[in-house]
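Here is data-v7.tsv, consisting of TSV, C-alpha atoms:
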```
chain	number	residue	atom	x	y	z
A	6	MET	CA	-258.27	-56.49	-74.48
A	7	LYS	CA	-261.19	-58.16	-76.22
A	8	PRO	CA	-263.55	-55.95	-78.23
A	9	GLN	CA	-266.86	-55.46	-76.44
A	10	SER	CA	-268.85	-57.50	-78.95
A	11	GLU	CA	-266.47	-60.45	-78.58
A	12	SER	CA	-266.75	-60.30	-74.83
A	13	PHE	CA	-270.54	-60.18	-75.24
A	14	ARG	CA	-270.43	-63.34	-77.34
A	15	ASP	CA	-268.37	-65.14	-74.69
A	16	GLU	CA	-270.74	-64.13	-71.92
A	17	PHE	CA	-273.72	-65.00	-74.08
A	18	GLU	CA	-272.39	-68.54	-74.56
A	19	VAL	CA	-272.26	-68.98	-70.79
A	20	ILE	CA	-275.82	-67.65	-70.43
A	21	LYS	CA	-276.98	-70.08	-73.14
A	22	LEU	CA	-275.50	-73.02	-71.29
A	23	HIS	CA	-277.07	-71.89	-68.05
A	24	TYR	CA	-280.41	-71.36	-69.80
A	25	VAL	CA	-280.54	-74.87	-71.27
A	26	GLU	CA	-279.78	-76.39	-67.88
A	27	LYS	CA	-282.67	-74.46	-66.34
A	28	LEU	CA	-284.92	-75.35	-69.27
A	29	SER	CA	-284.55	-79.03	-68.58
A	30	LYS	CA	-285.85	-78.59	-65.04
A	31	GLN	CA	-288.64	-76.26	-66.19
A	32	VAL	CA	-289.96	-78.70	-68.77
A	33	ARG	CA	-289.95	-81.58	-66.29
A	34	ASP	CA	-291.83	-79.35	-63.90
A	35	ILE	CA	-294.39	-78.62	-66.62
A	36	ARG	CA	-294.91	-82.35	-67.14
A	37	THR	CA	-295.41	-82.96	-63.42
A	38	LYS	CA	-297.91	-80.12	-63.21
A	39	TRP	CA	-299.77	-81.37	-66.26
A	40	HIS	CA	-300.17	-84.80	-64.59
A	41	LEU	CA	-301.45	-83.08	-61.46
A	42	PHE	CA	-303.85	-81.01	-63.51
A	43	LYS	CA	-305.24	-84.11	-65.18
A	44	LYS	CA	-305.51	-86.00	-61.92
A	45	TYR	CA	-307.12	-83.36	-59.73
A	46	GLN	CA	-308.62	-80.99	-62.32
A	47	VAL	CA	-307.57	-78.02	-60.16
A	48	LYS	CA	-308.15	-76.03	-63.25
A	49	ARG	CA	-307.37	-72.40	-62.86
A	50	GLU	CA	-304.17	-72.20	-60.80
A	51	LEU	CA	-302.37	-75.14	-62.35
A	52	ILE	CA	-303.24	-74.48	-65.95
A	53	GLU	CA	-302.36	-70.80	-65.57
A	54	ASN	CA	-299.03	-71.77	-64.10
A	55	ILE	CA	-298.33	-74.29	-66.88
A	56	TYR	CA	-299.40	-71.75	-69.51
A	57	SER	CA	-297.19	-69.04	-68.05
A	58	ASN	CA	-294.13	-71.32	-68.02
A	59	VAL	CA	-294.76	-72.56	-71.56
A	60	HIS	CA	-295.24	-68.96	-72.73
A	61	LYS	CA	-291.87	-68.01	-71.28
A	62	ILE	CA	-290.16	-70.89	-73.05
A	63	SER	CA	-291.91	-70.03	-76.29
A	64	GLY	CA	-290.51	-66.50	-76.15
A	65	SER	CA	-287.06	-67.21	-74.81
A	66	ALA	CA	-285.81	-70.54	-76.18
A	67	GLY	CA	-285.09	-69.11	-79.64
A	68	VAL	CA	-283.01	-66.30	-78.13
A	69	PHE	CA	-280.67	-68.89	-76.67
A	70	GLY	CA	-280.33	-71.04	-79.77
A	71	CYS	CA	-283.09	-73.55	-78.98
A	72	GLY	CA	-285.47	-72.66	-81.81
A	73	ALA	CA	-287.02	-76.14	-82.05
A	74	VAL	CA	-287.89	-76.03	-78.34
A	75	GLY	CA	-289.45	-72.59	-78.81
A	76	ASP	CA	-291.55	-73.76	-81.77
A	77	ILE	CA	-292.98	-76.73	-79.86
A	78	ALA	CA	-293.65	-74.48	-76.86
A	79	ALA	CA	-295.47	-71.98	-79.10
A	80	GLY	CA	-297.82	-74.73	-80.37
A	81	LEU	CA	-298.41	-75.95	-76.84
A	82	GLU	CA	-299.03	-72.40	-75.66
A	83	ILE	CA	-301.86	-71.97	-78.15
A	84	GLU	CA	-303.51	-75.21	-77.04
A	85	LEU	CA	-303.21	-74.34	-73.35
A	86	LYS	CA	-304.63	-70.90	-73.97
A	87	TRP	CA	-307.65	-72.45	-75.63
A	88	ILE	CA	-308.19	-74.69	-72.60
A	89	MET	CA	-307.90	-71.70	-70.25
A	90	GLU	CA	-310.27	-69.54	-72.24
A	91	HIS	CA	-312.90	-72.21	-72.69
A	92	GLU	CA	-312.41	-73.96	-69.35
A	93	ALA	CA	-312.91	-77.05	-71.42
A	94	THR	CA	-313.09	-80.61	-70.21
A	95	LEU	CA	-310.61	-82.40	-72.39
A	96	SER	CA	-311.21	-85.58	-74.28
A	97	ILE	CA	-308.69	-88.38	-73.90
A	98	ASP	CA	-307.37	-87.58	-77.38
A	99	GLU	CA	-306.85	-83.92	-76.52
A	100	GLU	CA	-305.08	-84.85	-73.30
A	101	SER	CA	-302.81	-87.23	-75.17
A	102	THR	CA	-302.00	-84.55	-77.75
A	103	ILE	CA	-300.88	-82.16	-75.04
A	104	LEU	CA	-298.87	-84.83	-73.29
A	105	ARG	CA	-297.24	-85.69	-76.62
A	106	HIS	CA	-296.26	-82.03	-77.04
A	107	ILE	CA	-294.78	-81.96	-73.56
A	108	GLU	CA	-292.82	-85.15	-74.29
A	109	SER	CA	-291.54	-83.62	-77.56
A	110	LEU	CA	-290.53	-80.55	-75.62
A	111	MET	CA	-288.57	-82.71	-73.20
A	112	HIS	CA	-286.91	-84.56	-76.04
A	113	GLU	CA	-285.84	-81.34	-77.78
A	114	VAL	CA	-284.51	-79.94	-74.52
A	115	ASP	CA	-282.45	-83.09	-73.99
A	116	VAL	CA	-281.07	-82.76	-77.54
A	117	ALA	CA	-280.24	-79.08	-76.95
A	118	MET	CA	-278.61	-79.92	-73.65
A	119	GLU	CA	-276.46	-82.64	-75.18
A	120	ARG	CA	-275.41	-80.33	-78.00
A	121	ARG	CA	-274.47	-77.57	-75.56
A	122	VAL	CA	-272.51	-79.88	-73.27
A	123	ILE	CA	-270.54	-81.28	-76.20
A	124	ARG	CA	-269.83	-77.78	-77.53
A	125	HIS	CA	-268.82	-76.59	-74.08
A	126	GLN	CA	-266.45	-79.55	-73.65
A	127	ASP	CA	-264.94	-78.86	-77.07
A	128	SER	CA	-264.22	-75.27	-76.17
A	129	SER	CA	-262.82	-76.06	-72.70
A	130	PRO	CA	-259.02	-76.13	-72.28
A	131	PRO	CA	-257.53	-79.65	-72.26
A	132	ASP	CA	-257.27	-81.35	-68.89
A	133	GLN	CA	-253.69	-80.63	-67.74
A	134	THR	CA	-253.79	-83.28	-65.03
A	135	GLN	CA	-253.73	-86.16	-67.53
A	136	VAL	CA	-250.41	-87.89	-67.89
A	137	PRO	CA	-249.54	-88.68	-71.53
A	138	PRO	CA	-249.16	-92.42	-72.25
B	28	MET	CA	-287.40	-36.99	-80.24
B	29	ASP	CA	-283.70	-36.80	-79.35
B	30	ALA	CA	-281.26	-39.69	-79.56
B	31	ILE	CA	-281.75	-42.66	-77.25
B	32	GLN	CA	-279.53	-42.58	-74.18
B	33	ARG	CA	-281.44	-44.21	-71.36
B	34	ILE	CA	-283.77	-47.17	-71.55
B	35	LEU	CA	-285.94	-48.46	-68.73
B	36	TYR	CA	-286.69	-52.11	-69.33
B	37	ALA	CA	-289.14	-54.45	-67.59
B	38	GLU	CA	-288.79	-58.21	-68.11
B	39	ASP	CA	-289.36	-60.91	-65.51
B	40	GLU	CA	-287.20	-63.58	-67.09
B	41	GLU	CA	-283.68	-63.21	-65.79
B	42	ASP	CA	-281.74	-64.70	-68.70
B	43	ILE	CA	-283.59	-62.55	-71.22
B	44	ARG	CA	-283.18	-59.47	-69.04
B	45	ILE	CA	-279.42	-59.96	-68.67
B	46	THR	CA	-278.93	-60.76	-72.36
B	47	ALA	CA	-280.93	-57.79	-73.61
B	48	LYS	CA	-279.16	-55.45	-71.19
B	49	MET	CA	-275.74	-56.65	-72.33
B	50	ALA	CA	-276.72	-56.37	-76.00
B	51	LEU	CA	-278.15	-52.87	-75.65
B	52	GLU	CA	-275.18	-51.62	-73.67
B	53	LEU	CA	-272.95	-52.50	-76.62
B	54	ASP	CA	-274.40	-49.44	-78.31
B	55	GLY	CA	-273.55	-47.24	-75.36
B	56	TRP	CA	-277.12	-46.99	-74.11
B	57	GLU	CA	-277.70	-46.89	-70.38
B	58	ILE	CA	-280.15	-49.61	-69.37
B	59	LEU	CA	-281.99	-49.99	-66.09
B	60	PRO	CA	-283.55	-53.47	-65.98
B	61	CYS	CA	-286.59	-54.09	-63.78
B	62	ASN	CA	-288.36	-57.29	-62.75
B	63	SER	CA	-291.90	-56.07	-63.23
B	64	GLY	CA	-294.11	-53.17	-64.19
B	65	ASP	CA	-294.35	-52.08	-60.55
B	66	GLU	CA	-290.57	-51.83	-60.29
B	67	LEU	CA	-290.43	-49.91	-63.55
B	68	LEU	CA	-292.95	-47.35	-62.31
B	69	GLU	CA	-290.97	-46.95	-59.06
B	70	ASN	CA	-287.81	-46.12	-61.01
B	71	ILE	CA	-289.19	-43.93	-63.74
B	72	ALA	CA	-288.92	-40.55	-61.99
B	73	SER	CA	-285.31	-41.00	-60.89
B	74	PHE	CA	-284.03	-42.71	-64.05
B	75	LYS	CA	-285.69	-40.35	-66.55
B	76	PRO	CA	-285.69	-42.75	-69.50
B	77	ASP	CA	-285.86	-41.75	-73.16
B	78	LEU	CA	-287.51	-45.05	-74.01
B	79	ILE	CA	-289.37	-47.85	-72.25
B	80	LEU	CA	-289.21	-51.53	-73.15
B	81	LEU	CA	-292.01	-53.63	-71.72
B	82	ASP	CA	-292.45	-57.35	-71.67
B	83	VAL	CA	-296.15	-58.18	-72.00
B	84	MET	CA	-296.62	-61.08	-69.60
B	85	MET	CA	-295.07	-60.53	-66.19
B	86	PRO	CA	-296.13	-61.44	-62.68
B	87	GLY	CA	-297.41	-58.48	-60.69
B	88	MET	CA	-298.11	-55.59	-63.01
B	89	ASP	CA	-297.94	-56.86	-66.58
B	90	GLY	CA	-296.85	-54.86	-69.62
B	91	PRO	CA	-300.23	-53.65	-70.87
B	92	THR	CA	-301.30	-52.52	-67.37
B	93	THR	CA	-297.98	-50.71	-66.92
B	94	PHE	CA	-298.49	-49.03	-70.28
B	95	LEU	CA	-301.94	-47.80	-69.25
B	96	GLU	CA	-300.51	-46.50	-65.96
B	97	LEU	CA	-297.88	-44.56	-67.89
B	98	LYS	CA	-300.59	-43.08	-70.10
B	99	LYS	CA	-302.57	-41.89	-67.07
B	100	ASN	CA	-299.71	-39.79	-65.73
B	101	PRO	CA	-299.06	-36.54	-67.67
B	102	GLU	CA	-295.34	-36.79	-66.76
B	103	THR	CA	-294.97	-40.16	-68.49
B	104	ALA	CA	-297.85	-40.22	-70.98
B	105	ARG	CA	-295.68	-39.20	-73.93
B	106	LEU	CA	-292.75	-41.53	-73.26
B	107	PRO	CA	-292.15	-43.88	-76.18
B	108	VAL	CA	-292.96	-47.49	-75.28
B	109	ILE	CA	-291.95	-50.64	-77.14
B	110	PHE	CA	-293.56	-53.94	-76.18
B	111	MET	CA	-291.63	-57.19	-76.29
B	112	THR	CA	-293.67	-60.35	-76.54
B	113	ALA	CA	-293.74	-63.92	-77.78
B	114	LYS	CA	-294.99	-64.13	-81.34
B	115	THR	CA	-298.15	-65.89	-80.18
B	116	GLN	CA	-299.37	-62.68	-78.50
B	117	VAL	CA	-298.57	-60.10	-81.14
B	118	ARG	CA	-302.19	-59.79	-82.21
B	119	GLU	CA	-303.21	-58.84	-78.68
B	120	VAL	CA	-300.61	-56.13	-78.51
B	121	ALA	CA	-301.73	-54.58	-81.79
B	122	LYS	CA	-304.43	-52.73	-79.87
B	123	TYR	CA	-301.75	-51.02	-77.74
B	124	LYS	CA	-300.04	-49.82	-80.88
B	125	GLU	CA	-303.32	-48.20	-81.77
B	126	LEU	CA	-303.30	-46.50	-78.38
B	127	GLY	CA	-299.86	-45.06	-79.01
B	128	ALA	CA	-297.14	-47.63	-78.31
B	129	LEU	CA	-294.15	-47.17	-80.58
B	130	GLY	CA	-294.09	-50.78	-81.67
B	131	VAL	CA	-293.68	-54.43	-80.83
B	132	ILE	CA	-290.55	-56.58	-80.89
B	133	THR	CA	-291.36	-60.25	-81.08
B	134	LYS	CA	-289.57	-62.83	-79.00
B	135	PRO	CA	-287.48	-64.74	-79.69
B	136	PHE	CA	-285.25	-61.89	-80.82
B	137	ASP	CA	-281.68	-61.99	-82.01
B	138	PRO	CA	-279.62	-60.21	-79.34
B	139	MET	CA	-277.13	-59.01	-81.95
B	140	ASN	CA	-279.96	-57.38	-83.88
B	141	LEU	CA	-281.89	-55.90	-80.98
B	142	THR	CA	-280.44	-52.40	-81.13
B	143	THR	CA	-281.20	-52.23	-84.86
B	144	GLN	CA	-284.82	-53.22	-84.24
B	145	ILE	CA	-285.16	-50.58	-81.54
B	146	ARG	CA	-283.54	-47.91	-83.70
B	147	GLN	CA	-285.91	-48.73	-86.57
B	148	LEU	CA	-288.97	-48.38	-84.35
B	149	TRP	CA	-287.56	-45.21	-82.79
B	150	ASN	CA	-286.88	-43.67	-86.20
B	151	THR	CA	-290.33	-44.61	-87.47
B	152	GLY	CA	-291.85	-42.95	-84.41
B	153	HIS	CA	-289.65	-39.93	-84.97
B	154	GLU	CA	-290.83	-39.59	-88.56
B	155	THR	CA	-294.49	-39.87	-87.61
B	156	THR	CA	-294.28	-37.35	-84.75
B	157	GLU	CA	-292.51	-34.67	-86.77
```
What would the structure in this file look like if it were written as structure tokens?
Amino acid sequence: MKPQSESFRDEFEVIKLHYVEKLSKQVRDIRTKWHLFKKYQVKRELIENIYSNVHKISGSAGVFGCGAVGDIAAGLEIELKWIMEHEATLSIDEESTILRHIESLMHEVDVAMERRVIRHQDSSPPDQTQVPP
Amino acid sequence: MDAIQRILYAEDEEDIRITAKMALELDGWEILPCNSGDELLENIASFKPDLILLDVMMPGMDGPTTFLELKKNPETARLPVIFMTAKTQVREVAKYKELGALGVITKPFDPMNLTTQIRQLWNTGHETTE
């Protein structure tokens, strides 16, 4: 029988993989909502929703081995909070900065996802159905 | 304060909730995870926790509001509470430490180190209340 801590590590690896998959969808959702926010300026609800999702990523990504994602999210969180608190109309430059952060977030998530998939494939048992040459 | 046996834990993010529960159970602690502050308050009388872990930002009743609700009730006012929050909000939680929270654990946390962090805060609280 595996020691408890070893079994924890195994289960944790599965949770990490699951987390990164969800993260990818979450970040794309953030980008869509940001575009909607810019287009319609429905300030309160959308920006609060974006902020809340970014805040979650900022706190959780590092737990699951995606520290770079968490760091970018933390920077973005601070900027979004400022917008919420000041109900500010953003300049084009400020809008571009936020969009750039969201794009960086997406890039880092893709990198994390690729890394996880490769690691998962490496640790999977070999495909028994393949016939040797 | 006696040793920790039962922890009531509110966190809305499922992956974090599952991971923290698994990590804390490695030490033999009994954990009851809840989705929100409301759910935590519903379970407090039956679960009888020794310690409460509260995420700060949750839909429904958030951590700080839950903390204030606990303080209002004489049955729960003295229960030790530890907040868990993203590092960007630590400054805001400092005021709850002043009101009597045991401490703050910043997220992201290392699951393998979580019990140590909790023990440290628990022991510090123990020293200061003796």
query = Looking at B:Val108, B:Leu68, B:Met49, B:Ala30, which one is nearest to chain A, with distances taken over only C-alpha atoms?
reply = B:Met49
Any chance you could tabulate, as a Markdown table, the residues of chain B at most 12 Å from chain A with each one's nearest atom pair and distance in Å to one decimal, using only C-alpha atoms, in chain and rising number order?
```
| residue | atom | partner | partner_atom | distance |
| --- | --- | --- | --- | --- |
| B:Glu38 | CA | A:Lys61 | CA | 10.8 |
| B:Asp39 | CA | A:Lys61 | CA | 9.5 |
| B:Glu40 | CA | A:Lys61 | CA | 7.7 |
| B:Glu41 | CA | A:Tyr24 | CA | 9.7 |
| B:Asp42 | CA | A:Ile20 | CA | 6.8 |
| B:Ile43 | CA | A:Ser65 | CA | 6.8 |
| B:Arg44 | CA | A:Ser65 | CA | 10.4 |
| B:Ile45 | CA | A:Ile20 | CA | 8.7 |
| B:Thr46 | CA | A:Phe17 | CA | 6.9 |
| B:Ala47 | CA | A:Val68 | CA | 9.9 |
| B:Lys48 | CA | A:Phe13 | CA | 10.6 |
| B:Met49 | CA | A:Phe13 | CA | 6.9 |
| B:Ala50 | CA | A:Phe13 | CA | 7.3 |
| B:Leu51 | CA | A:Phe13 | CA | 10.6 |
| B:Glu52 | CA | A:Gln9 | CA | 9.6 |
| B:Leu53 | CA | A:Gln9 | CA | 6.8 |
| B:Asp54 | CA | A:Ser10 | CA | 9.8 |
| B:Gly55 | CA | A:Gln9 | CA | 10.7 |
| B:Asp82 | CA | A:Gly64 | CA | 10.4 |
| B:Val83 | CA | A:Lys61 | CA | 10.7 |
| B:Met84 | CA | A:Ser57 | CA | 8.1 |
| B:Met85 | CA | A:Ser57 | CA | 9.0 |
| B:Pro86 | CA | A:Ser57 | CA | 9.4 |
| B:Met111 | CA | A:Gly64 | CA | 9.4 |
| B:Thr112 | CA | A:Gly64 | CA | 6.9 |
| B:Ala113 | CA | A:Gly64 | CA | 4.4 |
| B:Lys114 | CA | A:Gly64 | CA | 7.3 |
| B:Thr115 | CA | A:Ala79 | CA | 6.7 |
| B:Gln116 | CA | A:His60 | CA | 9.5 |
| B:Val117 | CA | A:Gly64 | CA | 11.4 |
| B:Ile132 | CA | A:Gly64 | CA | 11.0 |
| B:Thr133 | CA | A:Gly64 | CA | 8.0 |
| B:Lys134 | CA | A:Gly64 | CA | 4.7 |
| B:Pro135 | CA | A:Gly64 | CA | 5.0 |
| B:Phe136 | CA | A:Val68 | CA | 5.6 |
| B:Asp137 | CA | A:Val68 | CA | 5.9 |
| B:Pro138 | CA | A:Val68 | CA | 7.1 |
| B:Met139 | CA | A:Ser10 | CA | 8.9 |
| B:Asn140 | CA | A:Val68 | CA | 11.0 |
| B:Leu141 | CA | A:Val68 | CA | 10.8 |
```
request  = For region 34-46 of chain A, list every protein, DNA or RNA residue within 8 Å, evaluated using all atoms listed in the file, and leave out those in the same chain fewer than 6 positions away; present the list as a PyMOL selection string.
outcome  = chain A and resi 52+55+58-59+104+107-108
request  = Have a look at CA of Asn54 (chain A) and CA of Arg121 (chain A) and let me know their distance in Å, one decimal.
outcome  = 27.7 Å
